[in-house]
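Participant: Below you'll find input-v9.txt; it's compact mmCIF, C-alpha atoms.
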# COMPACT_ATOMS: atom_id res chain seq x y z
CA MET A 1 10.40 0.38 139.20
CA ASN A 2 9.00 1.67 135.92
CA LYS A 3 7.30 5.02 135.86
CA ILE A 4 3.54 5.08 135.84
CA LYS A 5 2.19 6.57 132.64
CA THR A 6 -0.85 8.80 133.08
CA TYR A 7 -3.14 9.80 130.24
CA PRO A 8 -5.82 12.49 130.56
CA VAL A 9 -9.32 11.27 129.68
CA ASN A 10 -10.32 14.71 128.46
CA PRO A 11 -7.41 16.60 126.90
CA VAL A 12 -9.23 19.91 127.39
CA HIS A 13 -9.16 19.40 131.16
CA PRO A 14 -5.86 17.55 131.82
CA VAL A 15 -6.12 17.72 135.61
CA LYS A 16 -9.76 16.68 135.83
CA LYS A 17 -9.41 12.91 135.76
CA PHE A 18 -6.72 10.40 134.89
CA CYS A 19 -6.66 6.85 133.60
CA VAL A 20 -3.62 5.22 135.19
CA PHE A 21 -1.97 2.18 133.67
CA ALA A 22 0.49 0.47 135.95
CA SER A 23 1.79 -2.83 137.10
CA LEU A 24 0.24 -4.46 140.15
CA ARG A 25 3.33 -3.61 142.17
CA GLU A 26 3.10 0.04 141.13
CA ARG A 27 -0.59 0.17 142.04
CA ASN A 28 0.17 -1.20 145.49
CA ASN A 29 2.79 1.51 146.02
CA MET A 30 0.61 4.29 144.63
CA LYS A 31 -0.02 7.18 147.02
CA LYS A 32 -3.22 9.19 147.07
CA VAL A 33 -2.78 12.88 146.32
CA TYR A 34 -5.88 15.05 146.68
CA PHE A 35 -6.27 18.13 144.49
CA LYS A 36 -8.67 21.05 144.68
CA ALA A 37 -8.61 23.50 141.80
CA ILE A 38 -8.57 27.18 142.76
CA ASP A 39 -7.80 29.58 139.95
CA SER A 40 -6.89 32.70 141.90
CA TYR A 41 -4.91 33.51 145.02
CA SER A 42 -7.37 36.36 145.59
CA LYS A 43 -10.13 33.86 146.50
CA THR A 44 -9.15 33.77 150.17
CA GLN A 45 -12.33 32.19 151.53
CA GLU A 46 -12.22 29.47 148.89
CA ILE A 47 -8.58 28.76 149.78
CA ARG A 48 -9.35 28.62 153.52
CA ASP A 49 -12.27 26.25 152.99
CA GLY A 50 -10.35 24.13 150.49
CA ALA A 51 -7.36 23.65 152.77
CA LYS A 52 -9.67 22.64 155.63
CA GLU A 53 -11.52 20.20 153.36
CA LEU A 54 -8.30 18.56 152.16
CA LEU A 55 -6.94 18.21 155.69
CA GLN A 56 -10.15 16.53 156.82
CA LYS A 57 -9.97 14.28 153.76
CA LEU A 58 -6.46 13.15 154.68
CA VAL A 59 -7.40 12.45 158.29
CA ASP A 60 -10.54 10.53 157.37
CA GLU A 61 -9.30 8.60 154.33
CA ASP A 62 -5.94 7.62 155.87
CA HIS A 63 -7.47 6.94 159.32
CA ILE A 64 -5.01 9.28 161.02
CA GLN A 65 -5.25 9.73 164.77
CA LEU A 66 -4.30 13.31 165.50
CA GLU A 67 -1.96 13.97 168.41
CA ARG A 68 -2.80 16.41 171.19
CA ILE A 69 -0.38 19.00 169.71
CA VAL A 70 0.21 19.29 165.95
CA PRO A 71 2.33 22.26 164.76
CA LEU A 72 1.96 23.91 161.38
CA LYS A 73 5.36 23.98 159.63
CA VAL A 74 5.30 27.24 157.66
CA HIS A 75 7.56 29.80 156.00
CA PHE A 76 7.07 33.35 157.29
CA GLY A 77 8.43 34.99 154.12
CA GLU A 78 11.52 37.18 153.97
CA LYS A 79 11.16 40.92 154.59
CA GLY A 80 10.23 42.55 151.28
CA ASN A 81 8.76 39.36 149.80
CA LYS A 82 5.13 39.83 148.72
CA THR A 83 4.21 36.42 147.34
CA PHE A 84 4.66 34.09 150.32
CA ILE A 85 1.44 32.34 151.38
CA GLU A 86 -0.21 34.63 153.89
CA PRO A 87 -1.49 33.19 157.20
CA LYS A 88 -5.08 34.26 156.52
CA ASN A 89 -5.19 31.29 154.13
CA PHE A 90 -4.47 28.87 157.00
CA GLU A 91 -7.46 29.82 159.13
CA GLY A 92 -9.50 26.88 157.86
CA LEU A 93 -6.75 24.49 158.97
CA ILE A 94 -6.63 26.16 162.39
CA GLU A 95 -10.42 25.97 162.75
CA TYR A 96 -10.37 22.25 161.94
CA LEU A 97 -7.68 21.53 164.54
CA GLN A 98 -9.53 23.56 167.16
CA ALA A 99 -12.72 21.62 166.44
CA GLN A 100 -10.75 18.41 167.04
CA ARG A 101 -9.40 19.90 170.30
CA VAL A 102 -5.87 19.81 168.92
CA GLU A 103 -3.40 22.47 170.05
CA SER A 104 -1.10 23.98 167.44
CA CYS A 105 1.59 26.56 166.76
CA PHE A 106 3.53 27.97 163.83
CA ILE A 107 6.98 26.38 163.69
CA GLU A 108 10.03 27.36 161.62
CA THR A 109 13.83 27.59 161.80
CA ASN A 110 16.12 30.59 161.35
CA GLY A 111 17.46 31.59 157.95
CA LEU A 112 21.05 30.91 156.98
CA TYR A 113 22.03 34.26 155.53
CA GLN A 114 21.92 37.70 157.19
CA GLY A 115 18.51 39.31 157.25
CA GLU A 116 15.34 39.61 159.29
CA ARG A 117 15.14 35.83 159.84
CA THR A 118 18.65 35.34 161.22
CA THR A 119 17.75 35.30 164.92
CA ARG A 120 14.68 34.10 166.81
CA THR A 121 13.94 37.61 168.07
CA LYS A 122 13.99 39.26 164.65
CA HIS A 123 12.39 36.25 162.96
CA THR A 124 9.45 36.25 165.40
CA GLN A 125 8.93 39.97 164.97
CA LEU A 126 8.89 39.63 161.17
CA ALA A 127 6.41 36.76 161.39
CA LYS A 128 4.04 38.93 163.41
CA GLU A 129 4.47 41.81 160.94
CA HIS A 130 3.47 39.37 158.19
CA GLY A 131 0.30 38.45 160.07
CA PHE A 132 1.24 35.20 161.79
CA THR A 133 -0.60 36.04 165.01
CA GLN A 134 -3.30 33.33 165.21
CA LEU A 135 -1.02 30.81 166.96
CA PRO A 136 2.11 30.84 169.14
CA ILE A 137 5.38 31.01 167.19
CA VAL A 138 8.15 28.47 167.76
CA ILE A 139 11.62 28.97 166.24
CA ALA A 140 12.87 25.42 166.45
CA ASP A 141 16.63 26.05 166.41
CA GLY A 142 16.77 28.74 169.10
CA GLU A 143 17.92 32.33 169.17
CA ILE A 144 20.91 31.98 166.83
CA GLY A 145 20.23 28.66 165.12
CA ASP A 146 22.53 26.54 167.26
CA GLU A 147 19.93 24.39 169.04
CA TYR A 148 19.54 21.10 167.20
CA ALA A 149 19.11 17.37 167.51
CA GLN A 150 21.31 14.89 165.63
CA ILE A 151 18.93 12.61 163.74
CA GLU A 152 20.55 9.38 162.59
CA ILE A 153 19.75 8.33 159.01
CA ASN A 154 22.91 6.56 157.72
CA LYS A 155 22.56 7.69 154.08
CA PRO A 156 25.35 8.19 151.51
CA HIS A 157 25.97 11.88 152.30
CA PHE A 158 24.94 12.07 155.95
CA LYS A 159 25.03 9.65 158.83
CA THR A 160 23.25 12.20 161.03
CA CYS A 161 21.43 15.46 160.30
CA LYS A 162 21.09 18.62 162.38
CA ILE A 163 17.35 19.21 162.79
CA GLY A 164 15.93 22.08 164.86
CA LYS A 165 15.71 20.80 168.44
CA ALA A 166 12.07 21.78 169.05
CA PHE A 167 10.89 19.42 166.30
CA THR A 168 11.81 16.47 168.52
CA GLN A 169 8.92 17.41 170.85
CA TYR A 170 6.28 16.52 168.26
CA LYS A 171 5.13 13.23 166.74
CA GLN A 172 3.09 14.91 164.01
CA LEU A 173 3.47 17.91 161.72
CA ILE A 174 1.22 19.57 159.20
CA VAL A 175 3.76 20.68 156.62
CA ILE A 176 2.47 23.66 154.65
CA ASN A 177 4.30 24.08 151.36
CA HIS A 178 4.39 26.85 148.79
CA PHE A 179 5.12 25.39 145.36
CA LYS A 180 7.40 27.78 143.44
CA GLY A 181 10.78 27.98 141.78
CA HIS A 182 14.15 27.73 143.48
CA ILE A 183 17.51 28.91 142.18
CA LEU A 184 19.36 25.70 143.09
CA THR A 185 16.81 22.87 143.16
CA GLY A 186 14.56 23.90 140.29
CA PHE A 187 11.46 24.07 142.47
CA GLY A 188 10.52 24.13 146.11
CA GLY A 189 7.72 22.11 147.67
CA ALA A 190 7.28 19.54 150.42
CA ILE A 191 10.79 18.08 150.24
CA LYS A 192 12.50 21.46 150.44
CA GLN A 193 10.16 22.57 153.23
CA LEU A 194 11.23 19.55 155.23
CA ALA A 195 14.93 19.78 154.39
CA MET A 196 15.77 23.47 154.62
CA GLY A 197 12.75 24.40 156.70
CA CYS A 198 13.45 21.95 159.52
CA ALA A 199 17.26 22.05 159.49
CA ALA A 200 19.08 24.12 162.08
CA ARG A 201 21.59 26.63 160.72
CA GLY A 202 24.38 24.03 160.77
CA GLY A 203 22.14 21.68 158.81
CA LYS A 204 21.51 24.32 156.17
CA LEU A 205 25.28 24.73 155.87
CA ASP A 206 25.65 20.95 155.46
CA GLN A 207 23.27 20.95 152.51
CA HIS A 208 24.85 23.95 150.77
CA SER A 209 28.45 22.84 151.25
CA SER A 210 29.05 21.87 147.60
CA MET A 211 27.70 25.07 146.01
CA ARG A 212 30.03 27.97 145.13
CA PRO A 213 28.81 31.13 143.31
CA PHE A 214 30.98 33.69 141.50
CA ILE A 215 30.73 37.36 140.47
CA ASN A 216 30.53 38.56 136.88
CA PRO A 217 32.74 41.70 137.08
CA PHE A 218 31.15 43.24 133.98
CA LYS A 219 27.69 43.29 135.58
CA CYS A 220 28.67 44.09 139.19
CA LYS A 221 27.50 47.59 140.24
CA LYS A 222 29.55 47.51 143.47
CA CYS A 223 26.43 48.26 145.54
CA LYS A 224 27.60 45.82 148.27
CA THR A 225 24.12 44.37 148.78
CA CYS A 226 25.70 40.92 148.65
CA VAL A 227 28.29 41.92 151.27
CA ARG A 228 25.56 42.93 153.71
CA HIS A 229 23.83 39.57 153.29
CA CYS A 230 26.86 37.27 153.40
CA PRO A 231 26.87 35.38 156.73
CA VAL A 232 30.63 34.66 156.64
CA ASP A 233 32.10 37.85 155.09
CA ALA A 234 33.31 35.96 152.02
CA ILE A 235 32.71 38.71 149.43
CA ARG A 236 35.23 41.37 148.44
CA ILE A 237 33.99 44.28 146.33
CA GLY A 238 36.55 46.41 144.54
CA ARG A 239 38.30 46.75 141.21
CA PHE A 240 38.12 42.96 140.88
CA SER A 241 35.09 41.89 142.89
CA ARG A 242 35.25 38.28 143.99
CA ILE A 243 33.91 35.64 146.35
CA GLN A 244 36.59 33.92 148.42
CA ARG A 245 36.08 30.24 147.71
CA LYS A 246 37.78 29.02 150.87
CA VAL A 247 35.48 31.18 153.01
CA CYS A 248 32.22 30.81 151.04
CA ILE A 249 29.77 28.31 152.53
CA GLY A 250 27.60 28.08 149.40
CA CYS A 251 24.39 29.34 151.01
CA ALA A 252 23.42 31.13 147.74
CA GLY A 253 21.99 34.11 149.62
CA CYS A 254 24.07 36.46 147.47
CA LEU A 255 22.50 35.08 144.28
CA ALA A 256 19.06 35.87 145.60
CA VAL A 257 19.76 39.47 146.69
CA CYS A 258 22.02 40.82 143.91
CA PRO A 259 19.92 43.54 142.17
CA ALA A 260 22.13 43.47 139.06
CA GLY A 261 22.09 39.71 138.57
CA ALA A 262 25.89 39.79 138.66
CA ILE A 263 26.30 36.73 140.89
CA LEU A 264 25.95 33.35 139.25
CA SER A 265 26.16 29.78 140.39
CA ASN A 266 29.21 27.84 139.34
CA PRO A 267 28.07 25.83 136.30
CA LEU A 268 29.99 22.78 137.51
CA SER A 269 28.23 23.00 140.89
CA SER A 270 24.87 23.35 139.16
CA LEU A 271 25.50 20.12 137.29
CA SER A 272 26.41 18.31 140.49
CA ARG A 273 23.84 15.93 141.90
CA ALA A 274 25.20 16.32 145.41
CA PHE A 275 22.97 19.23 146.38
CA PRO A 276 19.57 17.68 145.57
CA GLU A 277 20.74 14.45 147.16
CA LYS A 278 21.66 16.27 150.35
CA VAL A 279 18.30 18.04 150.36
CA ALA A 280 16.47 14.73 150.02
CA GLU A 281 18.49 13.19 152.86
CA TYR A 282 17.74 16.10 155.17
CA ALA A 283 14.05 15.81 154.30
CA PHE A 284 14.26 12.14 155.27
CA ALA A 285 15.71 13.12 158.64
CA ALA A 286 13.09 15.83 159.27
CA GLN A 287 10.14 13.45 158.91
CA LYS A 288 11.76 10.39 160.47
CA ASP A 289 9.53 8.73 163.12
CA LYS A 290 6.79 11.31 162.54
CA THR A 291 3.36 11.26 160.93
CA CYS A 292 3.36 14.22 158.55
CA LEU A 293 0.46 15.62 156.57
CA TYR A 294 1.39 17.79 153.59
CA ILE A 295 -0.70 20.67 152.24
CA THR A 296 0.75 22.38 149.17
CA PHE A 297 -0.39 25.78 147.88
CA ALA A 298 0.25 25.91 144.12
CA LEU A 299 -0.56 29.61 144.09
CA ASN A 300 1.57 32.74 143.62
CA MET A 301 4.16 30.56 141.89
CA THR A 302 7.26 32.68 141.34
CA ARG A 303 10.65 31.96 139.78
CA GLN A 304 12.47 32.31 143.12
CA CYS A 305 11.63 31.12 146.64
CA ASP A 306 10.07 32.99 149.57
CA CYS A 307 13.55 33.70 151.00
CA TYR A 308 13.94 36.24 148.17
CA GLY A 309 13.45 39.62 149.85
CA ARG A 310 11.89 41.49 146.95
CA ALA A 311 8.53 41.67 145.24
CA MET A 312 8.19 39.14 142.40
CA LYS A 313 5.56 38.33 139.82
CA PRO A 314 4.04 34.84 139.40
CA ILE A 315 5.33 33.01 136.32
CA VAL A 316 2.27 30.78 135.78
CA LYS A 317 -1.44 30.99 136.56
CA ASP A 318 -2.67 29.82 139.94
CA LEU A 319 -3.52 26.13 140.11
CA GLY A 320 -4.92 25.17 143.51
CA LEU A 321 -4.25 23.02 146.57
CA PHE A 322 -2.74 19.56 146.96
CA ALA A 323 -2.72 17.26 150.00
CA ALA A 324 -1.02 13.94 150.76
CA THR A 325 0.81 11.97 153.42
CA ASP A 326 3.81 11.41 151.14
CA PRO A 327 6.23 14.31 150.38
CA VAL A 328 7.61 12.74 147.19
CA ALA A 329 4.17 11.95 145.77
CA ILE A 330 2.79 15.42 146.43
CA ASP A 331 5.83 17.14 144.85
CA GLN A 332 5.68 14.84 141.82
CA ALA A 333 1.95 15.45 141.44
CA CYS A 334 2.38 19.24 141.60
CA LEU A 335 5.21 19.18 139.08
CA ASP A 336 3.36 16.89 136.66
CA THR A 337 0.06 18.78 136.89
CA ILE A 338 1.62 22.17 136.24
CA ASN A 339 3.68 20.90 133.32
CA LYS A 340 0.67 19.14 131.78
CA ARG A 341 -1.51 22.22 132.06
CA GLU A 342 1.16 24.49 130.57
CA GLY A 343 2.17 21.98 127.89
CA LYS A 344 5.84 22.41 128.76
CA LYS A 345 8.31 22.01 131.61
CA VAL A 346 7.87 25.15 133.69
CA PHE A 347 10.33 24.08 136.36
CA ARG A 348 13.03 22.41 134.28
CA ARG A 349 15.20 21.11 137.10
CA GLY A 350 14.23 19.18 140.18
CA GLN A 351 13.14 15.77 138.89
CA TYR A 352 16.38 14.15 140.01
CA LYS A 353 15.67 15.27 143.58
CA LEU A 354 12.43 13.27 143.44
CA ASP A 355 14.17 10.26 141.90
CA TYR A 356 16.78 10.22 144.65
CA ALA A 357 14.20 10.82 147.37
CA GLN A 358 12.31 7.72 146.26
CA GLN A 359 15.56 5.75 146.09
CA ILE A 360 16.43 6.47 149.74
CA GLY A 361 12.92 5.64 150.95
CA LEU A 362 11.53 9.11 151.61
CA GLY A 363 8.40 8.37 149.58
CA SER A 364 7.00 7.24 146.25
CA LYS A 365 6.75 9.03 142.91
CA THR A 366 3.76 6.90 141.91
CA TYR A 367 0.47 8.50 142.86
CA ASP A 368 -3.24 8.57 142.21
CA LEU A 369 -4.42 12.17 141.69
CA ILE A 370 -7.93 12.59 143.07
CA GLU A 371 -9.78 15.82 142.37
CA VAL A 372 -12.00 17.07 145.19
CA ASN A 373 -14.89 19.16 143.86
Represent the supplied structure as structure tokens.
Facilitator:
Amino acid sequence: MNKIKTYPVNPVHPVKKFCVFASLRERNNMKKVYFKAIDSYSKTQEIRDGAKELLQKLVDEDHIQLERIVPLKVHFGEKGNKTFIEPKNFEGLIEYLQAQRVESCFIETNGLYQGERTTRTKHTQLAKEHGFTQLPIVIADGEIGDEYAQIEINKPHFKTCKIGKAFTQYKQLIVINHFKGHILTGFGGAIKQLAMGCAARGGKLDQHSSMRPFINPFKCKKCKTCVRHCPVDAIRIGRFSRIQRKVCIGCAGCLAVCPAGAILSNPLSSLSRAFPEKVAEYAFAAQKDKTCLYITFALNMTRQCDCYGRAMKPIVKDLGLFAATDPVAIDQACLDTINKREGKKVFRRGQYKLDYAQQIGLGSKTYDLIEVN
């Protein structure tokens, strides 16, 4: 399928309205992505109301029958992170569900690397500290991340995927995404929220299995921060600091926490297409046989993801909210809209992940961007 070419009607306002030229087949496959411009993360009430408006738009326009229980798939933010999307911004979504007499909860899985999100007990406590108190909290893969369901997908990398067991209880999810950078995939959005966010710990290991970082000995300060965060004790700090390749699981947690920037990804691994392909396949498994609604917050967009346990500064101005029923379309729309506004590729890697996701049937890159005033 050829790419749809979009041309802004008014070049001064590139996200305001688009003329879309496409083949009939492309038009038939085009997914609706709704967009509401919000220029500052500080406008909490506007964000709450906007998210509620977009959710109602999705339900009404796509004629979605809500189930009796619909969880909100969220990320609670790592301890020390200041730019995750705070739960006060989700209150409009919660109000809408309550008005429809729909029960809900916050649902998430444990983190891969050592930290405050490693176990259900510590993860739940951190979530409450970060303000996630409006709804019950469900950690889908249990106390230590070993509770999962094998979801059959029969794709090139995986025949089955390990998805947090509690997800099997629900037919619908509202997947709340924070669009931002990511050290391995270029950017994180709906696809990554499905893939890493719904995978049990073993599933996270499956996706990271081809990545191997290394230590630059000239920059290493021997602080052992990486050692404390390594889930498999693969790092040796000394005269010649190193990561044991046969032990390393490629989780990349050490890259995120090194204060000196001394740990780098293997350039050959970074060029590999295996990792984004695995992420796309796990996303496919996470949403299989479910009706998912995706709400993306293109606000507080940082270079690294919300698993990064330190304060970060946004790298671009706030953009707004997106909503769709297709994870590929909403990620493509976010990426395109940001790049068009900035006049350059802000998140340089990640397009291949979308290409592969479309190829395996996760969704469509062709979309119709509809601004909601």
Participant: Nearest to Tyr96 (chain A): which of A:Asp49, A:Asp289, A:Glu152, A:Glu108 is it, counting all atoms listed in the file?
Facilitator: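 Ranked by minimum distance to Tyr96 (chain A), first place goes to A:Asp49.
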Participant: Starting from 8 Å padding per side, set up an axis-aligned box that covers all listed atoms of region 273-281 of chain A and hand over centre and edge lengths in Å, one decimal, as lines of an AutoDock Vina configuration file.
Facilitator:
center_x = 20.8
center_y = 16.2
center_z = 147.4
size_x = 24.7
size_y = 22.0
size_z = 27.0
Participant: In Å, with one decimal, what is the gap from CA of Asp62 (chain A) to CA of Tyr294 (chain A)?
Facilitator: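 Taking CA of Asp62 (chain A) and CA of Tyr294 (chain A), their separation equals 12.7 Å.
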Participant: So, counting only C-alpha atoms, which residue among A:Ile137, A:Cys254, A:Ile153, A:Val33 is closest to Leu54 (chain A)?
Facilitator: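 So, comparing all the options, the nearest one is A:Val33.
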Participant: Which residue is closest to Gln172 (chain A)? Choose from A:Pro71, A:Gly203, A:Gly186, A:Pro217 and count all atoms listed in the file.
Facilitator: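 Distance minimum relative to Gln172 (chain A) lands on A:Pro71.
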Participant: From the options A:His130, A:Lys340, A:Arg239, A:Lys224, which residue's atoms come nearest to Gly80 (chain A), counting all atoms listed in the file?
Facilitator: A:His130
Participant: Just the number, please: distance in Å from CA of Lys36 (chain A) to CA of Glu342 (chain A), one decimal.
Facilitator: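 We find that CA of Lys36 (chain A) and CA of Glu342 (chain A) lie 17.5 Å from each other.
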Participant: Can you work out which one of A:Gly131, A:Ile163, A:Gln100, A:Val70 has the shortest atom-to-atom distance to Lys88 (chain A), counting all atoms listed in the file?
Facilitator: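 Of A:Gly131, A:Ile163, A:Gln100, A:Val70, the one nearest Lys88 (chain A), counting all atoms listed in the file, is A:Gly131.
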Participant: Please provide the set of residues having any atom within 9 Å of Ala333 (chain A), restricted to only C-alpha atoms, with same-chain residues fewer than 6 positions apart removed, written as a count of residues only.
Facilitator: 7
Participant: Which is closer to Leu321 (chain A) than all the others in A:Phe179, A:Phe240, A:Phe214, A:Phe132, using all atoms listed in the file?
Facilitator: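 Closest to Leu321 (chain A), using all atoms listed in the file: A:Phe179.
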Participant: List as number ranges by chain the protein and nucleic acid residues near Tyr282 (chain A), meaning an atom at most 9 Å away when only C-alpha atoms are counted, but skip any in the same chain fewer than 5 places from it.
Facilitator: A: 153, 158, 160-163, 191-192, 194-196, 198-199, 203, 207, 277, 287
Participant: What's the 8 Å shell around region 298-307 of chain A, counting only C-alpha atoms, without same-chain residues fewer than 2 positions away, as a PyMOL selection string?
Facilitator: chain A and resi 40-41+75+77-78+81+83-85+178-183+188+256+296+309+312-322+334
Participant: One decimal, Å: what's the distance from CA of Tyr170 (chain A) over to CA of His157 (chain A), could you say?
Facilitator: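 If I compute the distance from CA of Tyr170 (chain A) to CA of His157 (chain A), I get 25.8 Å.
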